[in-house]
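This is target_34.cif. It holds mmCIF, C-alpha atoms.
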```cif
data_upload
#
loop_
_atom_site.label_atom_id
_atom_site.label_comp_id
_atom_site.auth_asym_id
_atom_site.auth_seq_id
_atom_site.Cartn_x
_atom_site.Cartn_y
_atom_site.Cartn_z
CA MET W 104 -18.74 1.46 6.05
CA SER W 105 -15.74 -0.38 7.41
CA GLU W 106 -14.76 -0.15 11.03
CA ILE W 107 -11.22 0.75 12.01
CA PRO W 108 -9.82 -1.92 14.31
CA GLY W 109 -9.09 -0.82 17.88
CA PRO W 110 -5.76 -1.05 19.70
CA GLY W 111 -6.54 -4.51 21.05
CA SER W 112 -7.45 -5.86 17.63
CA ARG W 113 -5.26 -8.42 15.92
CA ARG W 114 -5.61 -6.50 12.61
CA SER W 115 -4.54 -2.90 12.22
CA SER W 116 -5.66 -0.30 9.70
CA VAL W 117 -2.88 0.77 7.31
CA GLU W 118 -2.52 3.36 4.53
CA LEU W 119 -0.01 3.98 1.75
CA GLN W 120 0.18 7.09 -0.45
CA ILE W 121 1.03 6.30 -4.08
CA GLU W 122 3.73 8.62 -5.42
CA ARG W 123 4.92 6.80 -8.56
CA VAL W 124 3.91 3.66 -10.40
CA ILE W 125 7.24 2.16 -11.50
CA VAL W 126 6.19 -1.08 -13.21
CA ALA W 127 2.72 -2.45 -13.78
CA SER W 128 1.31 -5.63 -15.25
CA LEU W 129 -2.14 -7.17 -15.06
CA GLU W 130 -1.55 -8.59 -11.58
CA GLN W 131 1.49 -6.82 -10.13
CA ALA W 132 2.84 -3.31 -9.66
CA THR W 133 5.98 -1.92 -8.10
CA VAL W 134 5.25 1.53 -6.71
CA ASN W 135 7.00 4.24 -4.77
CA VAL W 136 4.90 4.93 -1.66
CA ARG W 137 4.89 6.89 1.56
CA CYS W 138 3.50 5.15 4.63
CA LEU W 139 0.72 7.31 6.09
CA ARG W 140 -0.50 4.84 8.73
CA GLY W 141 1.66 1.97 9.82
CA PRO W 142 3.46 -0.09 10.52
CA VAL W 143 2.54 -1.83 7.26
CA ARG W 144 3.74 -5.44 7.32
CA ARG W 145 4.46 -7.80 4.45
CA GLY W 146 1.20 -9.54 3.61
CA ALA W 147 -0.97 -6.46 4.29
CA ARG W 148 -4.14 -6.46 2.17
CA PHE W 149 -5.47 -3.29 0.55
CA ASN W 150 -9.13 -2.97 -0.48
CA ARG W 151 -9.76 0.80 -0.46
CA LEU W 152 -8.62 3.33 -3.08
CA SER W 153 -9.16 7.03 -2.35
CA GLY W 154 -11.28 8.96 -4.81
CA SER W 155 -12.46 5.84 -6.60
CA ALA W 156 -15.27 3.34 -6.45
CA GLN W 157 -13.06 0.77 -8.22
CA ALA W 158 -12.65 -2.52 -6.40
CA ILE W 159 -9.10 -3.52 -5.49
CA ASP W 160 -7.68 -6.51 -3.65
CA LEU W 161 -3.92 -6.07 -3.38
CA ALA W 162 -1.37 -7.78 -1.16
CA LEU W 163 1.98 -6.25 -0.26
CA THR W 164 4.56 -8.88 -1.18
CA GLN W 165 7.79 -6.90 -0.77
CA ALA W 166 9.01 -3.58 0.66
CA VAL W 167 12.41 -2.02 -0.04
CA VAL W 168 13.76 0.96 1.94
CA TYR W 169 17.10 2.47 0.89
CA GLY W 170 17.95 -0.67 -1.07
CA HIS W 171 17.17 -3.09 1.79
CA ARG W 172 14.19 -5.42 2.04
CA VAL W 173 12.20 -4.81 5.20
CA ALA W 174 9.43 -6.75 6.92
CA ALA W 175 7.43 -3.61 7.81
CA LEU W 176 7.15 0.08 6.92
CA ASP W 177 6.79 2.59 9.74
CA THR W 178 4.67 5.73 9.40
CA GLY W 179 6.51 8.43 7.45
CA LEU W 180 8.87 6.10 5.56
CA THR W 181 9.12 6.18 1.77
CA ALA W 182 9.70 2.84 0.05
CA PHE W 183 9.38 0.82 -3.11
CA VAL W 184 6.73 -1.85 -2.60
CA THR W 185 5.42 -4.67 -4.74
CA LEU W 186 1.65 -5.07 -4.74
CA ARG W 187 0.02 -8.14 -6.25
CA GLY W 188 -3.64 -8.86 -6.95
CA GLU W 189 -6.72 -7.36 -8.55
CA GLY W 190 -6.90 -3.67 -9.35
CA VAL W 191 -3.27 -2.71 -10.01
CA GLN W 192 -4.39 -0.98 -13.22
CA HIS W 193 -6.23 1.58 -11.07
CA LEU W 194 -3.05 2.77 -9.31
CA LYS W 195 -2.01 6.21 -10.52
CA PRO W 196 0.99 8.43 -9.76
CA GLY W 197 0.33 11.77 -8.13
CA THR W 198 1.75 15.26 -7.81
CA LEU W 199 1.34 18.06 -5.34
CA ALA W 200 -1.03 19.80 -7.78
CA SER W 201 -3.15 16.75 -8.67
CA GLY W 202 -3.00 15.03 -5.30
CA TRP W 203 -2.02 11.49 -4.49
CA GLN W 204 -4.02 8.29 -4.33
CA VAL W 205 -4.14 6.55 -0.98
CA ILE W 206 -4.75 2.83 -0.61
CA GLY W 207 -6.09 1.51 2.66
CA GLY W 208 -6.43 -1.89 4.19
CA ALA W 209 -5.22 -4.02 7.07
CA ASN W 210 -2.17 -5.97 8.17
CA PRO W 211 -2.36 -9.76 8.15
CA VAL W 212 -3.68 -11.45 11.25
CA SER W 213 -0.69 -12.20 13.50
#
```

Can you turn what I pasted into structure tokens?
Amino acid sequence: MSEIPGPGSRRSSVELQIERVIVASLEQATVNVRCLRGPVRRGARFNRLSGSAQAIDLALTQAVVYGHRVAALDTGLTAFVTLRGEGVQHLKPGTLASGWQVIGGANPVS
């Protein structure tokens, strides 16, 4: 079981809800997400996938909000993000009826 870093920690726990998978390849996906726990900074690493035992190791390489690249996503914002690494093939779009996947991880050490 992983421990959630405390307020004084240099790493913070982050979560993104996957709404749509726009483009996917073997190592990279561009997805429409909603930030559930942020801020999520560029370089954040994701290693948890809700409802799945599949291993993932994804890094956020880019975030775009309303057509502008941003360095971080605040809680509640919807954005297009690029995720790169192992496990992109496990990302699935969701609906209100089926539910959404949530990926969890941590921001880079500052």

Checklist entry - So which residues get picked by the PyMOL selection byres ((chain W and resi 147-157) around 12) here, written as a VMD selection string? => result chain W and resid 104 to 105 114 to 121 141 to 146 158 to 166 174 to 176 184 to 195 201 to 213

Next on the checklist: as a PyMOL selection string, please: the residues near Val124 in chain W (cut-off 7 Å, only C-alpha atoms, same-chain neighbours under 3 positions excluded).
Outcome noted: chain W and resi 133-135+195-196

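The residues returned by the PyMOL selection byres ((chain W and resi 169) around 12) on the shown structure are W:Asn135, W:Ala166, W:Val167, W:Val168, W:Gly170, W:His171, W:Arg172, W:Val173, W:Leu176, W:Leu180, W:Thr181, W:Ala182, W:Phe183, W:Val184.
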
Item to check | Distance of CA of Ala127 in chain W from CA of Leu199 in chain W, expressed in Å to one decimal place | outcome: 22.2 Å

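Relative to CA of Ser128 in chain W, CA of Asp177 in chain W is found at 26.9 Å.
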